[in-house]
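Structure file target07.tsv with TSV, C-alpha atoms:
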chain	number	residue	atom	x	y	z
A	829	MET	CA	0.55	13.33	1.32
A	830	VAL	CA	-1.22	10.04	1.05
A	831	ALA	CA	-0.71	8.34	4.37
A	832	ASN	CA	-1.17	4.72	3.54
A	833	ARG	CA	0.28	3.60	0.27
A	834	ARG	CA	2.73	4.27	-2.40
A	835	SER	CA	5.64	6.21	-3.32
A	836	LEU	CA	3.94	7.51	-6.38
A	837	TYR	CA	2.35	10.46	-4.81
A	838	HIS	CA	5.32	11.69	-2.85
A	839	GLY	CA	7.27	14.79	-3.65
A	840	ALA	CA	6.89	17.61	-6.13
A	841	GLU	CA	6.04	16.47	-9.62
A	842	GLY	CA	8.76	16.90	-12.15
A	843	ALA	CA	11.45	17.34	-9.54
A	844	ALA	CA	13.37	14.22	-10.48
A	845	SER	CA	14.92	13.68	-13.87
A	846	THR	CA	15.99	10.06	-13.85
A	847	ARG	CA	14.46	6.66	-13.28
A	848	HIS	CA	14.70	5.84	-9.62
A	849	LEU	CA	13.14	3.79	-6.92
A	850	ASP	CA	10.91	6.18	-5.00
A	851	GLU	CA	11.18	4.30	-1.76
A	852	TRP	CA	10.41	0.88	-0.36
A	853	THR	CA	6.70	1.34	-0.09
A	854	MET	CA	4.15	-1.42	-0.18
A	855	GLU	CA	0.58	-1.89	0.86
A	856	THR	CA	0.57	-1.22	4.58
A	857	ARG	CA	-3.13	-1.27	5.34
A	858	PRO	CA	-3.88	-4.44	7.34
A	859	TYR	CA	-7.26	-4.86	5.65
A	860	PHE	CA	-5.65	-5.30	2.23
A	861	ILE	CA	-2.63	-7.29	3.44
A	862	ILE	CA	-4.93	-9.79	5.14
A	863	GLY	CA	-7.15	-9.91	2.06
A	864	ASP	CA	-4.25	-10.42	-0.36
A	865	VAL	CA	-2.67	-13.17	1.74
A	866	SER	CA	-6.01	-14.88	2.36
A	867	CYS	CA	-6.78	-14.93	-1.33
A	868	SER	CA	-3.43	-16.46	-2.31
A	869	VAL	CA	-3.48	-19.05	0.47
A	870	THR	CA	-7.12	-19.99	-0.12
A	871	VAL	CA	-6.56	-20.38	-3.86
A	872	GLY	CA	-3.51	-22.56	-3.11
A	873	VAL	CA	-5.41	-24.78	-0.68
A	874	MET	CA	-8.45	-25.14	-2.93
A	875	SER	CA	-6.32	-25.82	-6.02
A	876	GLY	CA	-4.29	-28.45	-4.17
A	877	ILE	CA	-7.38	-30.27	-2.92
A	878	ALA	CA	-9.14	-30.06	-6.31
A	879	VAL	CA	-6.16	-31.49	-8.18
A	880	MET	CA	-5.50	-34.14	-5.53
A	881	ALA	CA	-9.12	-35.27	-5.84
A	882	THR	CA	-8.92	-35.46	-9.64
A	883	VAL	CA	-5.49	-36.82	-10.50
A	884	ASP	CA	-4.34	-40.31	-9.51
A	885	MET	CA	-1.39	-42.60	-10.20
A	886	GLY	CA	-2.89	-43.77	-13.49
A	887	TRP	CA	-2.22	-40.37	-15.09
A	888	PRO	CA	0.94	-39.70	-17.15
A	889	MET	CA	2.90	-37.01	-15.34
A	890	PRO	CA	2.84	-34.36	-18.13
A	891	ALA	CA	-0.92	-34.75	-18.50
A	892	ALA	CA	-1.38	-34.58	-14.73
A	893	MET	CA	0.69	-31.39	-14.52
A	894	PHE	CA	-1.12	-29.77	-17.43
A	895	ALA	CA	-4.54	-30.70	-16.06
A	896	GLY	CA	-3.44	-29.50	-12.63
A	897	MET	CA	-2.40	-26.15	-14.09
A	898	LEU	CA	-5.79	-25.75	-15.80
A	899	PHE	CA	-7.63	-26.73	-12.60
A	900	GLY	CA	-5.54	-24.23	-10.70
A	901	MET	CA	-6.43	-21.47	-13.16
A	902	VAL	CA	-10.15	-22.20	-12.82
A	903	VAL	CA	-9.94	-22.22	-9.02
A	904	ALA	CA	-7.91	-19.00	-9.13
A	905	ALA	CA	-10.53	-17.33	-11.31
A	906	GLY	CA	-13.17	-18.16	-8.71
A	907	GLY	CA	-10.95	-16.85	-5.92
A	908	ILE	CA	-10.21	-13.63	-7.78
A	909	ILE	CA	-13.91	-12.93	-8.25
A	910	ALA	CA	-14.86	-13.83	-4.68
A	911	PHE	CA	-12.05	-11.94	-2.94
A	912	GLY	CA	-11.85	-9.21	-5.59
A	913	LEU	CA	-15.21	-7.79	-4.61
A	914	CYS	CA	-13.80	-6.91	-1.21
A	915	PHE	CA	-10.14	-6.27	-2.00
A	916	GLY	CA	-9.95	-5.24	-5.68
A	917	MET	CA	-9.32	-7.65	-8.53
A	918	MET	CA	-6.31	-6.00	-10.14
A	919	GLU	CA	-4.01	-6.62	-7.17
A	920	LEU	CA	-5.34	-10.11	-6.54
A	921	HIS	CA	-5.31	-11.65	-9.98
A	922	MET	CA	-1.57	-11.90	-10.44
A	923	PRO	CA	-0.64	-13.76	-7.22
A	924	ALA	CA	-3.83	-15.85	-7.28
A	925	MET	CA	-3.33	-17.02	-10.85
A	926	ILE	CA	0.35	-17.87	-10.31
A	927	THR	CA	-0.55	-19.71	-7.09
A	928	GLY	CA	-3.30	-21.71	-8.80
A	929	MET	CA	-1.12	-22.71	-11.73
A	930	LEU	CA	1.92	-23.62	-9.63
A	931	THR	CA	-0.06	-25.54	-7.02
A	932	GLY	CA	-1.95	-27.42	-9.70
A	933	MET	CA	1.27	-28.44	-11.44
A	934	VAL	CA	3.06	-29.48	-8.24
A	935	VAL	CA	0.15	-31.43	-6.76
A	936	GLY	CA	-0.65	-32.92	-10.18
A	937	MET	CA	2.93	-34.12	-10.52
A	938	LEU	CA	2.94	-35.64	-7.02
A	939	ALA	CA	-0.49	-37.24	-7.39
A	940	SER	CA	0.55	-38.96	-10.62
A	941	THR	CA	3.42	-40.71	-8.84
A	942	ARG	CA	2.06	-41.47	-5.35
A	943	ALA	CA	-1.04	-41.22	-3.19
A	944	VAL	CA	-1.33	-37.68	-1.82
A	945	ALA	CA	-3.24	-37.01	1.41
A	946	ILE	CA	-5.69	-34.14	1.46
A	947	GLU	CA	-3.69	-32.50	4.26
A	948	THR	CA	-0.51	-32.67	2.18
A	949	ALA	CA	-2.23	-31.12	-0.84
A	950	ALA	CA	-3.73	-28.36	1.31
A	951	ILE	CA	-0.46	-27.57	3.11
A	952	LEU	CA	1.47	-27.55	-0.17
A	953	GLY	CA	-1.11	-25.20	-1.68
A	954	ALA	CA	-1.01	-22.89	1.34
A	955	ALA	CA	2.79	-22.79	1.28
A	956	ILE	CA	2.88	-22.03	-2.43
A	957	GLY	CA	0.23	-19.32	-1.97
A	958	ALA	CA	2.19	-17.65	0.81
A	959	THR	CA	5.47	-17.88	-1.11
A	960	VAL	CA	3.95	-16.42	-4.27
A	961	TYR	CA	2.42	-13.57	-2.28
A	962	ILE	CA	5.80	-12.71	-0.77
A	963	ALA	CA	7.51	-12.93	-4.18
A	964	ILE	CA	4.95	-10.59	-5.74
A	965	TRP	CA	5.25	-8.29	-2.74
A	966	VAL	CA	8.99	-8.01	-3.31
A	967	ALA	CA	8.54	-7.58	-7.08
A	968	ASP	CA	5.98	-4.84	-6.48
A	969	ALA	CA	8.32	-3.01	-4.16
A	970	ARG	CA	11.12	-3.19	-6.72
A	971	LEU	CA	8.85	-1.99	-9.54
A	972	CYS	CA	7.35	0.92	-7.63
A	973	VAL	CA	9.52	3.35	-9.48
A	974	ASP	CA	9.16	6.86	-10.67
A	975	ARG	CA	10.32	7.48	-14.22
A	976	SER	CA	10.29	11.22	-14.58
B	683	MET	CA	-20.17	7.36	-36.04
B	684	MET	CA	-20.61	5.89	-32.55
B	685	ASP	CA	-18.92	2.52	-31.96
B	686	PHE	CA	-22.07	0.55	-31.15
B	687	TYR	CA	-20.24	-2.68	-30.33
B	688	THR	CA	-18.25	-0.98	-27.57
B	689	GLN	CA	-21.29	0.97	-26.44
B	690	GLU	CA	-23.32	-2.22	-26.10
B	691	LYS	CA	-20.50	-3.99	-24.24
B	692	TRP	CA	-20.34	-1.25	-21.61
B	693	ASP	CA	-24.10	-0.90	-21.44
B	694	ARG	CA	-24.15	-4.59	-20.51
B	695	ALA	CA	-21.33	-4.16	-18.01
B	696	SER	CA	-23.11	-1.25	-16.31
B	697	SER	CA	-25.51	-3.59	-14.51
B	698	CYS	CA	-22.78	-5.12	-12.32
B	699	PHE	CA	-20.01	-2.51	-12.65
B	700	ASP	CA	-20.56	-0.92	-9.25
B	701	LEU	CA	-20.80	-4.31	-7.55
B	702	VAL	CA	-17.42	-5.34	-8.93
B	703	GLN	CA	-15.61	-2.02	-8.63
B	704	SER	CA	-17.16	0.14	-5.97
B	705	PHE	CA	-16.02	-1.53	-2.77
B	706	GLY	CA	-12.70	-3.36	-3.10
B	707	ALA	CA	-10.99	-1.55	-5.95
B	708	GLU	CA	-12.17	1.95	-5.08
B	709	ARG	CA	-11.35	1.46	-1.41
B	710	ARG	CA	-7.84	0.35	-2.36
B	711	TRP	CA	-7.26	3.09	-4.91
B	712	GLY	CA	-9.31	5.84	-3.25
B	713	PRO	CA	-6.47	7.73	-1.54
B	714	ALA	CA	-4.23	7.46	-4.59
B	715	LYS	CA	-7.01	8.65	-6.87
B	716	ARG	CA	-7.82	11.64	-4.68
B	717	GLU	CA	-4.17	12.65	-4.97
B	718	PHE	CA	-4.21	11.97	-8.73
B	719	PHE	CA	-7.32	14.06	-9.36
B	720	GLY	CA	-6.07	16.75	-6.98
B	721	ALA	CA	-4.05	18.27	-9.83
B	722	MET	CA	-7.20	19.17	-11.80
B	723	GLN	CA	-7.15	22.78	-12.94
B	724	GLY	CA	-8.68	24.91	-15.68
B	725	LYS	CA	-11.21	23.34	-18.00
B	726	VAL	CA	-10.96	19.57	-17.67
B	727	LEU	CA	-12.17	16.75	-19.90
B	728	PHE	CA	-12.63	13.46	-18.06
B	729	VAL	CA	-12.83	10.52	-20.47
B	730	GLY	CA	-14.63	7.38	-19.40
B	731	VAL	CA	-16.82	8.54	-16.53
B	732	GLY	CA	-18.39	5.10	-16.22
B	733	THR	CA	-20.84	4.99	-13.33
B	734	GLY	CA	-19.10	7.97	-11.75
B	735	LEU	CA	-17.10	6.08	-9.14
B	736	ASP	CA	-14.26	8.59	-9.55
B	737	ILE	CA	-16.44	11.66	-9.08
B	738	PRO	CA	-16.20	11.69	-5.26
B	739	SER	CA	-12.41	11.89	-5.70
B	740	PHE	CA	-12.60	15.09	-7.76
B	741	PRO	CA	-11.54	18.28	-5.98
B	742	PRO	CA	-14.45	20.70	-5.53
B	743	ASP	CA	-15.15	23.80	-7.60
B	744	ARG	CA	-13.65	22.60	-10.88
B	745	GLU	CA	-15.07	22.91	-14.39
B	746	ILE	CA	-15.26	19.39	-15.78
B	747	VAL	CA	-16.85	17.76	-18.80
B	748	GLY	CA	-17.21	14.00	-18.34
B	749	ILE	CA	-17.83	11.74	-21.30
B	750	ASP	CA	-18.61	8.07	-21.72
B	751	ILE	CA	-19.73	5.93	-24.63
B	752	SER	CA	-22.37	4.10	-22.58
B	753	ALA	CA	-25.70	5.79	-21.87
B	754	ARG	CA	-26.46	3.29	-19.12
B	755	MET	CA	-23.17	4.04	-17.38
B	756	LEU	CA	-23.90	7.76	-17.60
B	757	ALA	CA	-27.38	7.28	-16.19
B	758	LYS	CA	-25.83	5.67	-13.12
B	759	ALA	CA	-23.19	8.42	-12.95
B	760	GLN	CA	-25.79	11.18	-12.92
B	761	LEU	CA	-26.55	10.85	-9.21
B	762	ARG	CA	-22.87	11.18	-8.29
B	763	ALA	CA	-22.50	14.08	-10.74
B	764	THR	CA	-25.39	15.90	-9.12
B	765	ALA	CA	-23.71	15.58	-5.73
B	766	TYR	CA	-20.46	17.13	-7.03
B	767	HIS	CA	-19.67	20.64	-5.75
B	768	GLY	CA	-18.57	22.33	-8.94
B	769	ARG	CA	-19.46	22.34	-12.63
B	770	LEU	CA	-19.65	18.80	-13.97
B	771	GLU	CA	-21.40	18.15	-17.24
B	772	LEU	CA	-21.90	14.58	-18.50
B	773	ARG	CA	-22.16	13.75	-22.20
B	774	GLN	CA	-22.49	10.52	-24.15
B	775	LEU	CA	-19.64	10.65	-26.66
B	776	ASP	CA	-17.20	8.33	-28.38
B	777	VAL	CA	-13.62	9.41	-27.65
B	778	HIS	CA	-12.71	8.87	-31.30
B	779	GLU	CA	-15.23	11.48	-32.45
B	780	MET	CA	-15.94	13.93	-29.68
B	781	GLY	CA	-16.81	17.02	-31.70
B	782	PHE	CA	-15.20	19.53	-29.32
B	783	ALA	CA	-13.42	22.50	-30.87
B	784	PRO	CA	-9.61	22.19	-31.04
B	785	GLY	CA	-7.90	23.50	-27.91
B	786	SER	CA	-11.05	23.37	-25.78
B	787	PHE	CA	-9.45	21.92	-22.64
B	788	ASP	CA	-6.52	22.63	-20.33
B	789	GLN	CA	-6.34	19.07	-19.08
B	790	VAL	CA	-7.61	15.63	-20.01
B	791	TYR	CA	-7.98	12.97	-17.34
B	792	THR	CA	-8.58	9.26	-17.87
B	793	SER	CA	-9.04	6.55	-15.27
B	794	CYS	CA	-8.88	2.93	-16.45
B	795	THR	CA	-10.21	4.09	-19.80
B	796	PHE	CA	-7.63	3.30	-22.47
B	797	CYS	CA	-7.71	-0.40	-21.68
B	798	SER	CA	-11.09	-0.32	-23.38
B	799	VAL	CA	-10.87	2.23	-26.20
B	800	PRO	CA	-10.90	0.15	-29.41
B	801	ASP	CA	-8.30	2.27	-31.25
B	802	PRO	CA	-6.19	3.76	-28.47
B	803	VAL	CA	-3.75	5.72	-30.63
B	804	ARG	CA	-6.56	7.35	-32.60
B	805	GLY	CA	-8.39	8.06	-29.35
B	806	LEU	CA	-5.30	9.66	-27.84
B	807	GLN	CA	-4.75	11.70	-30.99
B	808	ALA	CA	-8.33	12.95	-30.65
B	809	LEU	CA	-7.53	13.98	-27.07
B	810	ARG	CA	-4.41	15.79	-28.26
B	811	GLY	CA	-6.62	17.68	-30.67
B	812	VAL	CA	-8.98	19.02	-28.00
B	813	LEU	CA	-6.18	19.97	-25.63
B	814	LYS	CA	-4.67	23.44	-25.68
B	815	PRO	CA	-1.01	23.57	-26.73
B	816	ASP	CA	1.06	22.36	-23.78
B	817	GLY	CA	-2.15	20.99	-22.21
B	818	GLU	CA	-1.85	18.06	-19.84
B	819	LEU	CA	-2.89	14.46	-20.25
B	820	ARG	CA	-3.10	12.61	-16.94
B	821	MET	CA	-3.91	8.93	-16.93
B	822	PHE	CA	-4.50	6.31	-14.24
B	823	GLU	CA	-4.40	3.09	-16.24
B	824	HIS	CA	-3.66	-0.59	-16.13
B	825	THR	CA	-1.42	-1.85	-18.90
B	826	GLY	CA	0.59	-4.85	-19.99
B	827	SER	CA	3.84	-5.66	-18.23
B	828	ARG	CA	7.40	-5.64	-19.54
B	829	TYR	CA	8.28	-8.60	-17.32
B	830	PHE	CA	7.84	-12.13	-18.63
B	831	PRO	CA	5.83	-13.91	-15.92
B	832	PHE	CA	3.40	-11.05	-15.49
B	833	ASN	CA	3.07	-10.43	-19.21
B	834	LEU	CA	2.44	-14.15	-19.85
B	835	LEU	CA	-0.33	-14.23	-17.25
B	836	LEU	CA	-1.92	-11.07	-18.57
B	837	HIS	CA	-1.94	-12.57	-22.07
B	838	LEU	CA	-3.49	-15.79	-20.72
B	839	MET	CA	-6.26	-13.87	-18.98
B	840	ASN	CA	-6.77	-11.30	-21.72
B	841	PRO	CA	-9.30	-13.20	-23.88
B	842	ILE	CA	-11.70	-13.53	-20.94
B	843	ALA	CA	-11.15	-9.96	-19.78
B	844	ARG	CA	-11.60	-8.60	-23.30
B	845	PHE	CA	-14.97	-10.31	-23.59
B	846	SER	CA	-16.32	-8.74	-20.43
B	847	GLY	CA	-14.61	-5.36	-20.70
B	848	PRO	CA	-11.00	-4.24	-20.70
B	849	GLU	CA	-7.83	-5.40	-22.45
B	850	LEU	CA	-5.05	-6.37	-20.04
B	851	THR	CA	-2.06	-6.12	-22.33
B	852	ARG	CA	-2.11	-2.58	-23.72
B	853	ASP	CA	1.11	-0.62	-24.18
B	854	THR	CA	-0.49	2.63	-23.07
B	855	GLU	CA	2.79	4.46	-22.50
B	856	GLY	CA	3.84	3.62	-26.04
B	857	ASN	CA	0.45	4.65	-27.38
B	858	VAL	CA	0.70	8.02	-25.62
B	859	ALA	CA	4.06	8.63	-27.27
B	860	ARG	CA	2.78	7.39	-30.65
B	861	ALA	CA	-0.14	9.82	-30.41
B	862	GLY	CA	2.34	12.70	-30.26
B	863	PHE	CA	2.42	13.49	-26.54
B	864	THR	CA	5.59	14.06	-24.57
B	865	ILE	CA	5.66	11.87	-21.49
B	866	VAL	CA	6.66	13.82	-18.39
B	867	ARG	CA	6.30	11.23	-15.72
B	868	VAL	CA	5.25	7.60	-15.22
B	869	ARG	CA	4.72	6.22	-11.75
B	870	HIS	CA	3.92	2.61	-10.98
B	871	VAL	CA	1.06	1.92	-8.60
B	872	TYR	CA	1.14	-1.89	-8.66
B	873	LEU	CA	4.00	-3.81	-10.26
B	874	ASP	CA	4.41	-2.14	-13.67
B	875	VAL	CA	0.78	-2.96	-14.47
B	876	ILE	CA	-1.15	-0.15	-12.80
B	877	LYS	CA	0.41	3.24	-13.32
B	878	THR	CA	-0.12	6.95	-13.64
B	879	ILE	CA	1.07	8.68	-16.79
B	880	HIS	CA	1.56	12.42	-17.02
B	881	ALA	CA	2.11	13.73	-20.55
B	882	VAL	CA	1.83	17.06	-22.33
B	883	ALA	CA	0.54	17.99	-25.76
B	884	PRO	CA	3.02	19.59	-28.13
B	885	VAL	CA	3.13	23.40	-28.20

structure tokens encoding of this file:
Amino acid sequence: MVANRRSLYHGAEGAASTRHLDEWTMETRPYFIIGDVSCSVTVGVMSGIAVMATVDMGWPMPAAMFAGMLFGMVVAAGGIIAFGLCFGMMELHMPAMITGMLTGMVVGMLASTRAVAIETAAILGAAIGATVYIAIWVADARLCVDRS
Amino acid sequence: MMDFYTQEKWDRASSCFDLVQSFGAERRWGPAKREFFGAMQGKVLFVGVGTGLDIPSFPPDREIVGIDISARMLAKAQLRATAYHGRLELRQLDVHEMGFAPGSFDQVYTSCTFCSVPDPVRGLQALRGVLKPDGELRMFEHTGSRYFPFNLLLHLMNPIARFSGPELTRDTEGNVARAGFTIVRVRHVYLDVIKTIHAVAPV
């Protein structure tokens, strides 16, 4: 049996006949957990700072949010490539892209209405990155199903 | 006739394929892939050898024919193929037109292959043709998602991914069924995006 990850290789093939949750199994190897969290948090921080540095109170809010989302996507793409080499891109791209987009929109919205400190943008980005990672973690656990 | 557009795309990708895939992704998927390939038996066709990153995960002493559309990928795979303990023959072939006799193989394996095959249903039908009746199709693939946020993101990223290599939004399970296979088992590896599919050819 595979010791480190995933329900999908447990049990005799063909034994089950209905869709079921194999078990609550997620990535348990510290190397990948640290990598996944670092990627999400770093993308959040970098997106927050990039959008804070670009958007100011002269921007209409919808334009600031849209531009923030695009900035976040670009930052996320960079993060996915950089971290993906060490941790695998397929598992990183979903949380990183959601983090980049959300952080960009939130910081863009705030920066269009008030002055945002770099620390605030970074902390917001980090918090969004961590939250998105946990949400994807839970979603992954729920979707790790065996449909025999 | 060989699909030269696809061939050229993967020839180009071969230069940095190992850099992108060999450390992070293979380290993450290595144990799962060893388990996946552990079910190899009889005469096996492996479609999409690439640079041979999966070869170290093959169980020893099997009879395997590995194909890929890209000659440059196969050239890089040759070293890993030589190190394999068993019979492993590499050939440059397009999955749509392989030229094997019907019923030549007991099993067909694919690993992140049908995200890139231009006409997946026709490719899968070709695989059905070279499998013996009741032969097994075993796939380790990334696909689209049935869930809105994930599917939206995959569609947003797909144009860039498609340019450099794979499609991110394929309905591979549906394609397997459309090609005439009976799906035995689907197991999700990551969300519902990376999965293994076990199907059998009709008797």

> Using all atoms listed in the file, which of the listed residues (A:Cys867, A:Met917, A:Leu930, A:Ala963) sits closest to chain B?
Replying inline: A:Met917

> How far is it from CA of Ile926 in chain A to CA of Pro802 in chain B, in Å with one decimal?
Replying inline: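 Separation between CA of Ile926 in chain A and CA of Pro802 in chain B: 29.0 Å.
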
Test item: chain B residues at most 8 Å from chain A, counting only C-alpha atoms, as a CSV table (one decimal) with C-alpha atoms, keeping the file's coordinate frame:
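Done, and the output landed in iface_29.csv:
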chain,number,residue,atom,x,y,z
B,701,LEU,CA,-20.8,-4.3,-7.6
B,702,VAL,CA,-17.4,-5.3,-8.9
B,703,GLN,CA,-15.6,-2.0,-8.6
B,705,PHE,CA,-16.0,-1.5,-2.8
B,706,GLY,CA,-12.7,-3.4,-3.1
B,707,ALA,CA,-11.0,-1.6,-6.0
B,708,GLU,CA,-12.2,2.0,-5.1
B,709,ARG,CA,-11.4,1.5,-1.4
B,710,ARG,CA,-7.8,0.4,-2.4
B,713,PRO,CA,-6.5,7.7,-1.5
B,714,ALA,CA,-4.2,7.5,-4.6
B,717,GLU,CA,-4.2,12.6,-5.0
B,718,PHE,CA,-4.2,12.0,-8.7
B,832,PHE,CA,3.4,-11.0,-15.5
B,835,LEU,CA,-0.3,-14.2,-17.2
B,866,VAL,CA,6.7,13.8,-18.4
B,867,ARG,CA,6.3,11.2,-15.7
B,868,VAL,CA,5.2,7.6,-15.2
B,869,ARG,CA,4.7,6.2,-11.8
B,870,HIS,CA,3.9,2.6,-11.0
B,871,VAL,CA,1.1,1.9,-8.6
B,872,TYR,CA,1.1,-1.9,-8.7
B,873,LEU,CA,4.0,-3.8,-10.3
B,874,ASP,CA,4.4,-2.1,-13.7

>> Residues within 10 Å of (1.3, 13.9, -23.4), file coordinates, counting all atoms listed in the file: what are they? Give the list as a ChimeraX atom specification.
In response: /B:790,806-807,809-810,813,816-821,855,858-867,879-884

Using C-alpha atoms, can you write the selected residues to a file as a compact mmCIF listing (two decimals), keeping the file's coordinate frame?
# COMPACT_ATOMS: atom_id res chain seq x y z
CA VAL B 790 -7.61 15.63 -20.01
CA LEU B 806 -5.30 9.66 -27.84
CA GLN B 807 -4.75 11.70 -30.99
CA LEU B 809 -7.53 13.98 -27.07
CA ARG B 810 -4.41 15.79 -28.26
CA LEU B 813 -6.18 19.97 -25.63
CA ASP B 816 1.06 22.36 -23.78
CA GLY B 817 -2.15 20.99 -22.21
CA GLU B 818 -1.85 18.06 -19.84
CA LEU B 819 -2.89 14.46 -20.25
CA ARG B 820 -3.10 12.61 -16.94
CA MET B 821 -3.91 8.93 -16.93
CA GLU B 855 2.79 4.46 -22.50
CA VAL B 858 0.70 8.02 -25.62
CA ALA B 859 4.06 8.63 -27.27
CA ARG B 860 2.78 7.39 -30.65
CA ALA B 861 -0.14 9.82 -30.41
CA GLY B 862 2.34 12.70 -30.26
CA PHE B 863 2.42 13.49 -26.54
CA THR B 864 5.59 14.06 -24.57
CA ILE B 865 5.66 11.87 -21.49
CA VAL B 866 6.66 13.82 -18.39
CA ARG B 867 6.30 11.23 -15.72
CA ILE B 879 1.07 8.68 -16.79
CA HIS B 880 1.56 12.42 -17.02
CA ALA B 881 2.11 13.73 -20.55
CA VAL B 882 1.83 17.06 -22.33
CA ALA B 883 0.54 17.99 -25.76
CA PRO B 884 3.02 19.59 -28.13

Assuming 4 Å of padding per side, give the centre and edge lengths of the axis-aligned box around every listed atom of range 755-762 of chain B, in Å to one decimal and as JSON.
{"center_x": -25.1, "center_y": 7.6, "center_z": -12.9, "size_x": 12.5, "size_y": 15.1, "size_z": 17.3}

>> Counting all atoms listed in the file, which residue out of A:Ala939, A:Ala904, A:Leu898, A:Val865 sits closest to Val883 in chain A?
In response: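 Looking only at the distances to Val883 in chain A, the closest residue turns out to be A:Ala939.
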
> In Å, with one decimal, what is the gap from CA of Arg716 in chain B to CA of Leu772 in chain B?
Replying inline: 19.9 Å

> Do you have the CA of Gly876 in chain A-CA of Gly896 in chain A distance handy?
Replying inline: 8.6 Å

> With only C-alpha atoms as the basis for distance, which of A:Val903, A:Ile862, A:Ala954, A:Met889 is at the shortest distance from Gly928 in chain A?
Replying inline: A:Val903

>> Let me make sure I understand: among A:Val869, A:Ile861, A:Ala881, A:Ala958, which one has the smallest atom-to-atom distance to Ala945 in chain A if we use only C-alpha atoms?
In response: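 Distance minimum relative to Ala945 in chain A lands on A:Ala881.
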
>> At a cut-off of 8 Å around the point (-0.8, -34.3, -14.4) (file coordinates), what residues fall inside when counting all atoms listed in the file? I'd like the answer as a PyMOL selection string.
In response: chain A and resi 883+887-896+933+936-937+939-940

>> When you look at Pro784 in chain B with a cut-off of 10 Å (counting only C-alpha atoms), what residues show up, excluding the ones that are within fewer than 2 positions of it in the same chain? I need them as a list in words.
In response: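 In the requested form, the answer reads Gly781, Phe782, Ser786, Phe787, Ala808, Leu809, Arg810, Gly811, Val812, Leu813, Lys814 and Pro815 of chain B.
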
Can you write range 961-972 of chain A from the block above with N, CA and C atoms, as a PDB file, in the first residue's frame?
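Now in decode_1.pdb:
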ATOM      1  N   TYR A 961      -5.909  27.993   0.542  1.00  0.00           N
ATOM      2  CA  TYR A 961      -5.259  26.676   0.641  1.00  0.00           C
ATOM      3  C   TYR A 961      -6.116  25.717   1.473  1.00  0.00           C
ATOM      4  N   ILE A 962      -6.601  26.219   2.614  1.00  0.00           N
ATOM      5  CA  ILE A 962      -7.417  25.353   3.482  1.00  0.00           C
ATOM      6  C   ILE A 962      -8.709  24.945   2.768  1.00  0.00           C
ATOM      7  N   ALA A 963      -9.324  25.894   2.059  1.00  0.00           N
ATOM      8  CA  ALA A 963     -10.576  25.584   1.346  1.00  0.00           C
ATOM      9  C   ALA A 963     -10.340  24.511   0.279  1.00  0.00           C
ATOM     10  N   ILE A 964      -9.239  24.641  -0.450  1.00  0.00           N
ATOM     11  CA  ILE A 964      -8.943  23.645  -1.489  1.00  0.00           C
ATOM     12  C   ILE A 964      -8.600  22.306  -0.845  1.00  0.00           C
ATOM     13  N   TRP A 965      -7.935  22.363   0.284  1.00  0.00           N
ATOM     14  CA  TRP A 965      -7.582  21.154   1.030  1.00  0.00           C
ATOM     15  C   TRP A 965      -8.850  20.380   1.392  1.00  0.00           C
ATOM     16  N   VAL A 966      -9.830  21.116   1.903  1.00  0.00           N
ATOM     17  CA  VAL A 966     -11.099  20.483   2.285  1.00  0.00           C
ATOM     18  C   VAL A 966     -11.815  19.954   1.043  1.00  0.00           C
ATOM     19  N   ALA A 967     -11.835  20.767  -0.030  1.00  0.00           N
ATOM     20  CA  ALA A 967     -12.500  20.329  -1.268  1.00  0.00           C
ATOM     21  C   ALA A 967     -11.837  19.072  -1.816  1.00  0.00           C
ATOM     22  N   ASP A 968     -10.511  19.036  -1.765  1.00  0.00           N
ATOM     23  CA  ASP A 968      -9.788  17.867  -2.262  1.00  0.00           C
ATOM     24  C   ASP A 968     -10.159  16.626  -1.466  1.00  0.00           C
ATOM     25  N   ALA A 969     -10.222  16.791  -0.164  1.00  0.00           N
ATOM     26  CA  ALA A 969     -10.574  15.651   0.682  1.00  0.00           C
ATOM     27  C   ALA A 969     -11.983  15.144   0.356  1.00  0.00           C
ATOM     28  N   ARG A 970     -12.896  16.072   0.112  1.00  0.00           N
ATOM     29  CA  ARG A 970     -14.271  15.663  -0.193  1.00  0.00           C
ATOM     30  C   ARG A 970     -14.370  15.007  -1.576  1.00  0.00           C
ATOM     31  N   LEU A 971     -13.485  15.412  -2.484  1.00  0.00           N
ATOM     32  CA  LEU A 971     -13.575  14.901  -3.859  1.00  0.00           C
ATOM     33  C   LEU A 971     -12.719  13.665  -4.096  1.00  0.00           C
ATOM     34  N   CYS A 972     -11.941  13.284  -3.071  1.00  0.00           N
ATOM     35  CA  CYS A 972     -11.136  12.067  -3.226  1.00  0.00           C
ATOM     36  C   CYS A 972     -12.048  10.857  -3.092  1.00  0.00           C
TER      37      CYS A 972
END
